[in-house]
Amino acid sequence: MGFELFDNMEAPALRQYIRFLLWHYRVVDAFWYLNVSEQFDDSVADQLNEKVWEKSSALAAKDLIKRFDIQESGLEGFVKALEYFPWCILVGYQIEKEAGQVIISVPSCPTQAARTKRGLPEYNCKEMHRGEFVNFARVVDERIQTECIFAPPDSHPKDMHCKWRFYLADD
């Protein structure tokens with residue numbers, strides 16, 4: 001079996017399969033982290049998770065730019081590529097384009113919501129996401145700078161898990 005399964009699939013079925021893939025992508029990531037944490041400890045799981053997301057986000061950006069023929073650089077190219085990034089879709093990033101900057105907000109993070117629901121503390125995701133965003137942005141344009149406004153373990157409003165700012169170095 002290969003990709004032939006998709007050759008005659010209608011658009012609604014393809015969308016349903018994409019939803020499954022994205023859900024499964026998140027489940028694998030969650031169980032990978034939880035099992036590393038149980039086998040070793042949170043510190044080891046955090047370090048490995050940071051390395052995985054630093055590398056995988058850069059690979060994703062490179063592949064997305066190529067697959068979707070993204071020609072733009074700067075913040076415009078960053079947003080265009082990011083909109084195809086699985087976590088952007090899964091989490092539902094709110095992307096605000098302003099003069100000279102882009103703000104990404106996450107009102108409800110599925111990972112944090114799942115942890116809270118299960119009685120677990122919030123995952124300290126700030127450094128993992130910093131590496132993810134820095135490396136993704138760098139592939140699009142070396143000038144893009146990443147600033148964390150807040151992310152766990154930082155305190156944050158109840159209606160917002162994290163907020164990030166992106167801008168060009170020469171602005």
# chains A, B, ... in the order shown; residues from 1 in each chain; ligands from 1
>>> select_by_dssp(residues="stretch 60-153 of chain A", states="helix (DSSP H, G or I)", output="PyMOL selection string")
chain A and resi 60-67+74-82+86-91+110-117+126-140
>>> write_last_selection(atoms="N, CA and C atoms", output="compact mmCIF listing (two decimals), in the first residue's frame")
# COMPACT_ATOMS: atom_id res chain seq x y z
N ALA A 60 10.83 21.43 8.70
CA ALA A 60 9.48 21.70 8.22
C ALA A 60 9.45 22.99 7.41
N ALA A 61 10.07 24.04 7.92
CA ALA A 61 10.07 25.33 7.19
C ALA A 61 10.70 25.16 5.82
N LYS A 62 11.82 24.48 5.77
CA LYS A 62 12.51 24.27 4.49
C LYS A 62 11.62 23.51 3.51
N ASP A 63 10.98 22.46 3.99
CA ASP A 63 10.13 21.64 3.13
C ASP A 63 8.87 22.40 2.71
N LEU A 64 8.26 23.14 3.62
CA LEU A 64 7.05 23.89 3.29
C LEU A 64 7.34 24.96 2.23
N ILE A 65 8.46 25.64 2.38
CA ILE A 65 8.85 26.66 1.40
C ILE A 65 8.97 26.05 0.01
N LYS A 66 9.59 24.88 -0.04
CA LYS A 66 9.78 24.21 -1.33
C LYS A 66 8.46 23.66 -1.88
N ARG A 67 7.72 22.92 -1.06
CA ARG A 67 6.49 22.27 -1.52
C ARG A 67 5.42 23.26 -1.97
N GLY A 74 11.19 37.59 4.76
CA GLY A 74 10.72 38.48 5.80
C GLY A 74 9.50 37.94 6.52
N LEU A 75 8.77 38.83 7.13
CA LEU A 75 7.61 38.44 7.92
C LEU A 75 6.49 37.87 7.05
N GLU A 76 6.37 38.36 5.83
CA GLU A 76 5.34 37.84 4.92
C GLU A 76 5.60 36.37 4.60
N GLY A 77 6.83 36.03 4.28
CA GLY A 77 7.18 34.64 4.01
C GLY A 77 7.04 33.76 5.25
N PHE A 78 7.40 34.32 6.41
CA PHE A 78 7.28 33.60 7.67
C PHE A 78 5.83 33.20 7.92
N VAL A 79 4.92 34.17 7.79
CA VAL A 79 3.50 33.89 8.04
C VAL A 79 2.97 32.88 7.02
N LYS A 80 3.34 33.06 5.78
CA LYS A 80 2.86 32.15 4.73
C LYS A 80 3.29 30.71 5.02
N ALA A 81 4.55 30.52 5.38
CA ALA A 81 5.05 29.17 5.70
C ALA A 81 4.42 28.65 6.99
N LEU A 82 4.31 29.50 7.98
CA LEU A 82 3.77 29.10 9.28
C LEU A 82 2.33 28.62 9.17
N PRO A 86 2.01 22.20 10.79
CA PRO A 86 0.98 21.43 11.50
C PRO A 86 0.58 22.00 12.86
N TRP A 87 1.54 22.48 13.65
CA TRP A 87 1.18 23.00 14.97
C TRP A 87 0.35 24.27 14.88
N CYS A 88 0.56 25.06 13.85
CA CYS A 88 -0.25 26.27 13.65
C CYS A 88 -1.71 25.87 13.45
N ILE A 89 -1.92 24.83 12.67
CA ILE A 89 -3.27 24.34 12.39
C ILE A 89 -3.86 23.67 13.63
N LEU A 90 -3.09 22.80 14.26
CA LEU A 90 -3.57 22.06 15.44
C LEU A 90 -3.92 22.96 16.61
N VAL A 91 -3.06 23.91 16.87
CA VAL A 91 -3.22 24.78 18.04
C VAL A 91 -4.17 25.94 17.73
N PRO A 110 -3.89 23.11 23.22
CA PRO A 110 -4.40 21.76 23.45
C PRO A 110 -3.52 20.95 24.42
N THR A 111 -2.22 21.13 24.34
CA THR A 111 -1.31 20.40 25.23
C THR A 111 -1.53 20.83 26.68
N GLN A 112 -1.57 22.13 26.90
CA GLN A 112 -1.75 22.63 28.27
C GLN A 112 -3.15 22.27 28.79
N ALA A 113 -4.16 22.38 27.95
CA ALA A 113 -5.52 22.04 28.36
C ALA A 113 -5.61 20.56 28.74
N ALA A 114 -4.96 19.69 27.96
CA ALA A 114 -4.98 18.25 28.27
C ALA A 114 -4.27 17.96 29.59
N ARG A 115 -3.14 18.62 29.81
CA ARG A 115 -2.41 18.41 31.06
C ARG A 115 -3.24 18.88 32.26
N THR A 116 -3.83 20.05 32.15
CA THR A 116 -4.65 20.59 33.25
C THR A 116 -5.83 19.66 33.53
N LYS A 117 -6.47 19.17 32.48
CA LYS A 117 -7.62 18.27 32.62
C LYS A 117 -7.23 16.99 33.37
N LYS A 126 8.22 27.16 27.18
CA LYS A 126 8.82 28.39 26.65
C LYS A 126 10.09 28.14 25.83
N GLU A 127 11.05 27.42 26.40
CA GLU A 127 12.32 27.23 25.68
C GLU A 127 12.17 26.31 24.48
N MET A 128 11.29 25.32 24.59
CA MET A 128 11.04 24.44 23.45
C MET A 128 10.47 25.25 22.29
N HIS A 129 9.48 26.10 22.60
CA HIS A 129 8.88 26.92 21.53
C HIS A 129 9.84 27.99 21.03
N ARG A 130 10.69 28.50 21.92
CA ARG A 130 11.68 29.47 21.45
C ARG A 130 12.56 28.83 20.38
N GLY A 131 13.08 27.65 20.66
CA GLY A 131 13.91 26.95 19.67
C GLY A 131 13.14 26.63 18.40
N GLU A 132 11.91 26.21 18.56
CA GLU A 132 11.05 25.90 17.41
C GLU A 132 10.85 27.13 16.54
N PHE A 133 10.42 28.23 17.15
CA PHE A 133 10.14 29.45 16.39
C PHE A 133 11.39 30.08 15.81
N VAL A 134 12.46 30.15 16.59
CA VAL A 134 13.71 30.75 16.11
C VAL A 134 14.21 30.00 14.88
N ASN A 135 14.22 28.68 14.94
CA ASN A 135 14.75 27.89 13.83
C ASN A 135 13.83 27.90 12.62
N PHE A 136 12.52 27.88 12.84
CA PHE A 136 11.58 27.98 11.72
C PHE A 136 11.77 29.32 11.03
N ALA A 137 11.78 30.40 11.81
CA ALA A 137 11.90 31.75 11.26
C ALA A 137 13.23 31.94 10.53
N ARG A 138 14.29 31.41 11.09
CA ARG A 138 15.63 31.57 10.50
C ARG A 138 15.70 30.97 9.10
N VAL A 139 15.00 29.86 8.88
CA VAL A 139 14.99 29.24 7.55
C VAL A 139 14.32 30.18 6.55
N VAL A 140 13.26 30.84 6.97
CA VAL A 140 12.54 31.76 6.08
C VAL A 140 13.38 32.99 5.80
>>> residues_around(residues="stretch 29-43 of chain A", least_positions_apart="2", cutoff="12 Å", atoms="only C-alpha atoms", output="JSON, numbers by chain")
{"A": [22, 23, 24, 25, 26, 27, 45, 46, 47, 48, 49, 50, 52, 53, 87, 110, 111, 112, 114, 115, 120, 121, 122, 123, 124, 125]}
>>> write_last_selection(atoms="N, CA and C atoms", output="PDB file, in the first residue's frame")
ATOM      1  N   LEU A  22      -3.196  14.994  11.636  1.00  0.00           N
ATOM      2  CA  LEU A  22      -2.794  16.038  12.568  1.00  0.00           C
ATOM      3  C   LEU A  22      -3.081  15.631  14.011  1.00  0.00           C
ATOM      4  N   TRP A  23      -4.223  15.014  14.246  1.00  0.00           N
ATOM      5  CA  TRP A  23      -4.544  14.525  15.594  1.00  0.00           C
ATOM      6  C   TRP A  23      -3.514  13.475  16.015  1.00  0.00           C
ATOM      7  N   HIS A  24      -3.195  12.555  15.120  1.00  0.00           N
ATOM      8  CA  HIS A  24      -2.245  11.488  15.435  1.00  0.00           C
ATOM      9  C   HIS A  24      -0.844  12.057  15.682  1.00  0.00           C
ATOM     10  N   TYR A  25      -0.463  13.049  14.921  1.00  0.00           N
ATOM     11  CA  TYR A  25       0.810  13.752  15.076  1.00  0.00           C
ATOM     12  C   TYR A  25       0.930  14.300  16.499  1.00  0.00           C
ATOM     13  N   ARG A  26      -0.153  14.916  16.978  1.00  0.00           N
ATOM     14  CA  ARG A  26      -0.176  15.461  18.333  1.00  0.00           C
ATOM     15  C   ARG A  26      -0.125  14.357  19.384  1.00  0.00           C
ATOM     16  N   VAL A  27      -0.860  13.271  19.158  1.00  0.00           N
ATOM     17  CA  VAL A  27      -0.883  12.154  20.109  1.00  0.00           C
ATOM     18  C   VAL A  27       0.506  11.522  20.231  1.00  0.00           C
ATOM     19  N   ALA A  45      13.311  14.832  29.450  1.00  0.00           N
ATOM     20  CA  ALA A  45      12.260  14.957  28.436  1.00  0.00           C
ATOM     21  C   ALA A  45      12.262  16.371  27.839  1.00  0.00           C
ATOM     22  N   ASP A  46      12.428  17.387  28.689  1.00  0.00           N
ATOM     23  CA  ASP A  46      12.473  18.767  28.204  1.00  0.00           C
ATOM     24  C   ASP A  46      13.652  18.992  27.256  1.00  0.00           C
ATOM     25  N   GLN A  47      14.825  18.514  27.660  1.00  0.00           N
ATOM     26  CA  GLN A  47      16.024  18.702  26.827  1.00  0.00           C
ATOM     27  C   GLN A  47      15.862  18.017  25.472  1.00  0.00           C
ATOM     28  N   LEU A  48      15.367  16.796  25.480  1.00  0.00           N
ATOM     29  CA  LEU A  48      15.178  16.070  24.221  1.00  0.00           C
ATOM     30  C   LEU A  48      14.101  16.734  23.368  1.00  0.00           C
ATOM     31  N   ASN A  49      13.024  17.147  23.999  1.00  0.00           N
ATOM     32  CA  ASN A  49      11.939  17.800  23.279  1.00  0.00           C
ATOM     33  C   ASN A  49      12.421  19.086  22.617  1.00  0.00           C
ATOM     34  N   GLU A  50      13.236  19.852  23.329  1.00  0.00           N
ATOM     35  CA  GLU A  50      13.777  21.082  22.751  1.00  0.00           C
ATOM     36  C   GLU A  50      14.624  20.781  21.522  1.00  0.00           C
ATOM     37  N   VAL A  52      14.471  18.102  19.555  1.00  0.00           N
ATOM     38  CA  VAL A  52      13.602  17.585  18.493  1.00  0.00           C
ATOM     39  C   VAL A  52      12.902  18.730  17.775  1.00  0.00           C
ATOM     40  N   TRP A  53      12.322  19.681  18.531  1.00  0.00           N
ATOM     41  CA  TRP A  53      11.569  20.762  17.906  1.00  0.00           C
ATOM     42  C   TRP A  53      12.456  21.799  17.243  1.00  0.00           C
ATOM     43  N   TRP A  87       1.540  22.481  13.651  1.00  0.00           N
ATOM     44  CA  TRP A  87       1.176  23.000  14.967  1.00  0.00           C
ATOM     45  C   TRP A  87       0.354  24.274  14.876  1.00  0.00           C
ATOM     46  N   PRO A 110      -3.893  23.110  23.218  1.00  0.00           N
ATOM     47  CA  PRO A 110      -4.401  21.760  23.454  1.00  0.00           C
ATOM     48  C   PRO A 110      -3.525  20.951  24.422  1.00  0.00           C
ATOM     49  N   THR A 111      -2.217  21.126  24.340  1.00  0.00           N
ATOM     50  CA  THR A 111      -1.309  20.404  25.233  1.00  0.00           C
ATOM     51  C   THR A 111      -1.527  20.831  26.678  1.00  0.00           C
ATOM     52  N   GLN A 112      -1.567  22.127  26.905  1.00  0.00           N
ATOM     53  CA  GLN A 112      -1.755  22.626  28.269  1.00  0.00           C
ATOM     54  C   GLN A 112      -3.149  22.274  28.792  1.00  0.00           C
ATOM     55  N   ALA A 114      -4.962  19.689  27.963  1.00  0.00           N
ATOM     56  CA  ALA A 114      -4.985  18.248  28.269  1.00  0.00           C
ATOM     57  C   ALA A 114      -4.273  17.964  29.586  1.00  0.00           C
ATOM     58  N   ARG A 115      -3.144  18.623  29.813  1.00  0.00           N
ATOM     59  CA  ARG A 115      -2.412  18.414  31.062  1.00  0.00           C
ATOM     60  C   ARG A 115      -3.242  18.877  32.264  1.00  0.00           C
ATOM     61  N   LEU A 120      -2.286  17.465  35.766  1.00  0.00           N
ATOM     62  CA  LEU A 120      -0.842  17.694  35.656  1.00  0.00           C
ATOM     63  C   LEU A 120      -0.563  19.191  35.633  1.00  0.00           C
ATOM     64  N   PRO A 121       0.625  19.582  36.077  1.00  0.00           N
ATOM     65  CA  PRO A 121       0.969  21.009  35.983  1.00  0.00           C
ATOM     66  C   PRO A 121       1.212  21.391  34.521  1.00  0.00           C
ATOM     67  N   GLU A 122       1.178  22.684  34.254  1.00  0.00           N
ATOM     68  CA  GLU A 122       1.477  23.126  32.895  1.00  0.00           C
ATOM     69  C   GLU A 122       2.888  22.686  32.505  1.00  0.00           C
ATOM     70  N   TYR A 123       3.024  22.373  31.235  1.00  0.00           N
ATOM     71  CA  TYR A 123       4.326  22.034  30.677  1.00  0.00           C
ATOM     72  C   TYR A 123       5.089  23.334  30.467  1.00  0.00           C
ATOM     73  N   ASN A 124       6.319  23.386  30.938  1.00  0.00           N
ATOM     74  CA  ASN A 124       7.174  24.557  30.740  1.00  0.00           C
ATOM     75  C   ASN A 124       7.694  24.550  29.303  1.00  0.00           C
ATOM     76  N   CYS A 125       6.897  25.107  28.430  1.00  0.00           N
ATOM     77  CA  CYS A 125       7.142  24.991  26.989  1.00  0.00           C
ATOM     78  C   CYS A 125       7.929  26.154  26.390  1.00  0.00           C
TER      79      CYS A 125
END
>>> select_by_dssp(residues="chain A", states="strand (DSSP E or B)", output="list in words")
Gln94, Ile95, Glu96, Lys97, Glu98, Gln101, Val102, Ile103, Ile104, Ser105, Val106, Ile144, Gln145, Thr146, Glu147, Cys148, Ile149, Phe150, Cys162, Lys163, Trp164, Arg165, Phe166, Tyr167 and Leu168 of chain A
>>> atom_distance(atom1="atom CA of A:Gly92", atom2="atom CA of A:Ala169")
26.6 Å
>>> residues_around(residues="A:Phe166", least_positions_apart="5", cutoff="7 Å", atoms="only C-alpha atoms", output="PDB file with N, CA and C atoms, in the first residue's frame")
ATOM      1  N   GLN A 101       5.873  43.929  12.477  1.00  0.00           N
ATOM      2  CA  GLN A 101       5.918  42.800  13.402  1.00  0.00           C
ATOM      3  C   GLN A 101       4.746  41.854  13.178  1.00  0.00           C
ATOM      4  N   VAL A 102       4.914  40.649  13.688  1.00  0.00           N
ATOM      5  CA  VAL A 102       3.858  39.643  13.694  1.00  0.00           C
ATOM      6  C   VAL A 102       3.730  39.176  15.132  1.00  0.00           C
ATOM      7  N   ILE A 103       2.494  39.084  15.611  1.00  0.00           N
ATOM      8  CA  ILE A 103       2.222  38.587  16.954  1.00  0.00           C
ATOM      9  C   ILE A 103       1.456  37.276  16.819  1.00  0.00           C
ATOM     10  N   ILE A 144      14.792  37.577  10.834  1.00  0.00           N
ATOM     11  CA  ILE A 144      13.642  37.518  11.737  1.00  0.00           C
ATOM     12  C   ILE A 144      14.098  37.231  13.157  1.00  0.00           C
ATOM     13  N   GLN A 145      13.643  38.079  14.066  1.00  0.00           N
ATOM     14  CA  GLN A 145      13.935  37.942  15.486  1.00  0.00           C
ATOM     15  C   GLN A 145      12.685  37.436  16.197  1.00  0.00           C
ATOM     16  N   THR A 146      12.902  36.657  17.248  1.00  0.00           N
ATOM     17  CA  THR A 146      11.810  36.053  18.006  1.00  0.00           C
ATOM     18  C   THR A 146      11.868  36.549  19.442  1.00  0.00           C
ATOM     19  N   GLU A 147      10.730  37.015  19.936  1.00  0.00           N
ATOM     20  CA  GLU A 147      10.640  37.478  21.320  1.00  0.00           C
ATOM     21  C   GLU A 147       9.436  36.808  21.978  1.00  0.00           C
TER      22      GLU A 147
END
>>> atom_distance(atom1="atom CA of A:Asp159", atom2="atom CA of A:Ser108")
7.1 Å
>>> decode(residues="stretch 117-130 of chain A", atoms="N, CA and C atoms", output="mmCIF file, in the first residue's frame")
data_model
loop_
_atom_site.group_PDB
_atom_site.id
_atom_site.type_symbol
_atom_site.label_atom_id
_atom_site.label_comp_id
_atom_site.auth_asym_id
_atom_site.auth_seq_id
_atom_site.Cartn_x
_atom_site.Cartn_y
_atom_site.Cartn_z
ATOM 1 N N LYS A 117 -6.468 19.170 32.478
ATOM 2 C CA LYS A 117 -7.622 18.266 32.616
ATOM 3 C C LYS A 117 -7.233 16.990 33.366
ATOM 4 N N ARG A 118 -6.005 16.542 33.178
ATOM 5 C CA ARG A 118 -5.538 15.314 33.830
ATOM 6 C C ARG A 118 -4.865 15.579 35.182
ATOM 7 N N GLY A 119 -4.943 16.810 35.656
ATOM 8 C CA GLY A 119 -4.382 17.145 36.955
ATOM 9 C C GLY A 119 -2.878 17.334 36.950
ATOM 10 N N LEU A 120 -2.286 17.465 35.766
ATOM 11 C CA LEU A 120 -0.842 17.694 35.656
ATOM 12 C C LEU A 120 -0.563 19.191 35.633
ATOM 13 N N PRO A 121 0.625 19.582 36.077
ATOM 14 C CA PRO A 121 0.969 21.009 35.983
ATOM 15 C C PRO A 121 1.212 21.391 34.521
ATOM 16 N N GLU A 122 1.178 22.684 34.254
ATOM 17 C CA GLU A 122 1.477 23.126 32.895
ATOM 18 C C GLU A 122 2.888 22.686 32.505
ATOM 19 N N TYR A 123 3.024 22.373 31.235
ATOM 20 C CA TYR A 123 4.326 22.034 30.677
ATOM 21 C C TYR A 123 5.089 23.334 30.467
ATOM 22 N N ASN A 124 6.319 23.386 30.938
ATOM 23 C CA ASN A 124 7.174 24.557 30.740
ATOM 24 C C ASN A 124 7.694 24.550 29.303
ATOM 25 N N CYS A 125 6.897 25.107 28.430
ATOM 26 C CA CYS A 125 7.142 24.991 26.989
ATOM 27 C C CYS A 125 7.929 26.154 26.390
ATOM 28 N N LYS A 126 8.222 27.156 27.177
ATOM 29 C CA LYS A 126 8.818 28.389 26.646
ATOM 30 C C LYS A 126 10.089 28.141 25.828
ATOM 31 N N GLU A 127 11.047 27.419 26.395
ATOM 32 C CA GLU A 127 12.320 27.225 25.684
ATOM 33 C C GLU A 127 12.169 26.305 24.481
ATOM 34 N N MET A 128 11.293 25.320 24.590
ATOM 35 C CA MET A 128 11.036 24.439 23.449
ATOM 36 C C MET A 128 10.466 25.248 22.292
ATOM 37 N N HIS A 129 9.482 26.095 22.596
ATOM 38 C CA HIS A 129 8.883 26.915 21.528
ATOM 39 C C HIS A 129 9.841 27.988 21.031
ATOM 40 N N ARG A 130 10.686 28.499 21.924
ATOM 41 C CA ARG A 130 11.677 29.473 21.455
ATOM 42 C C ARG A 130 12.556 28.830 20.376
#
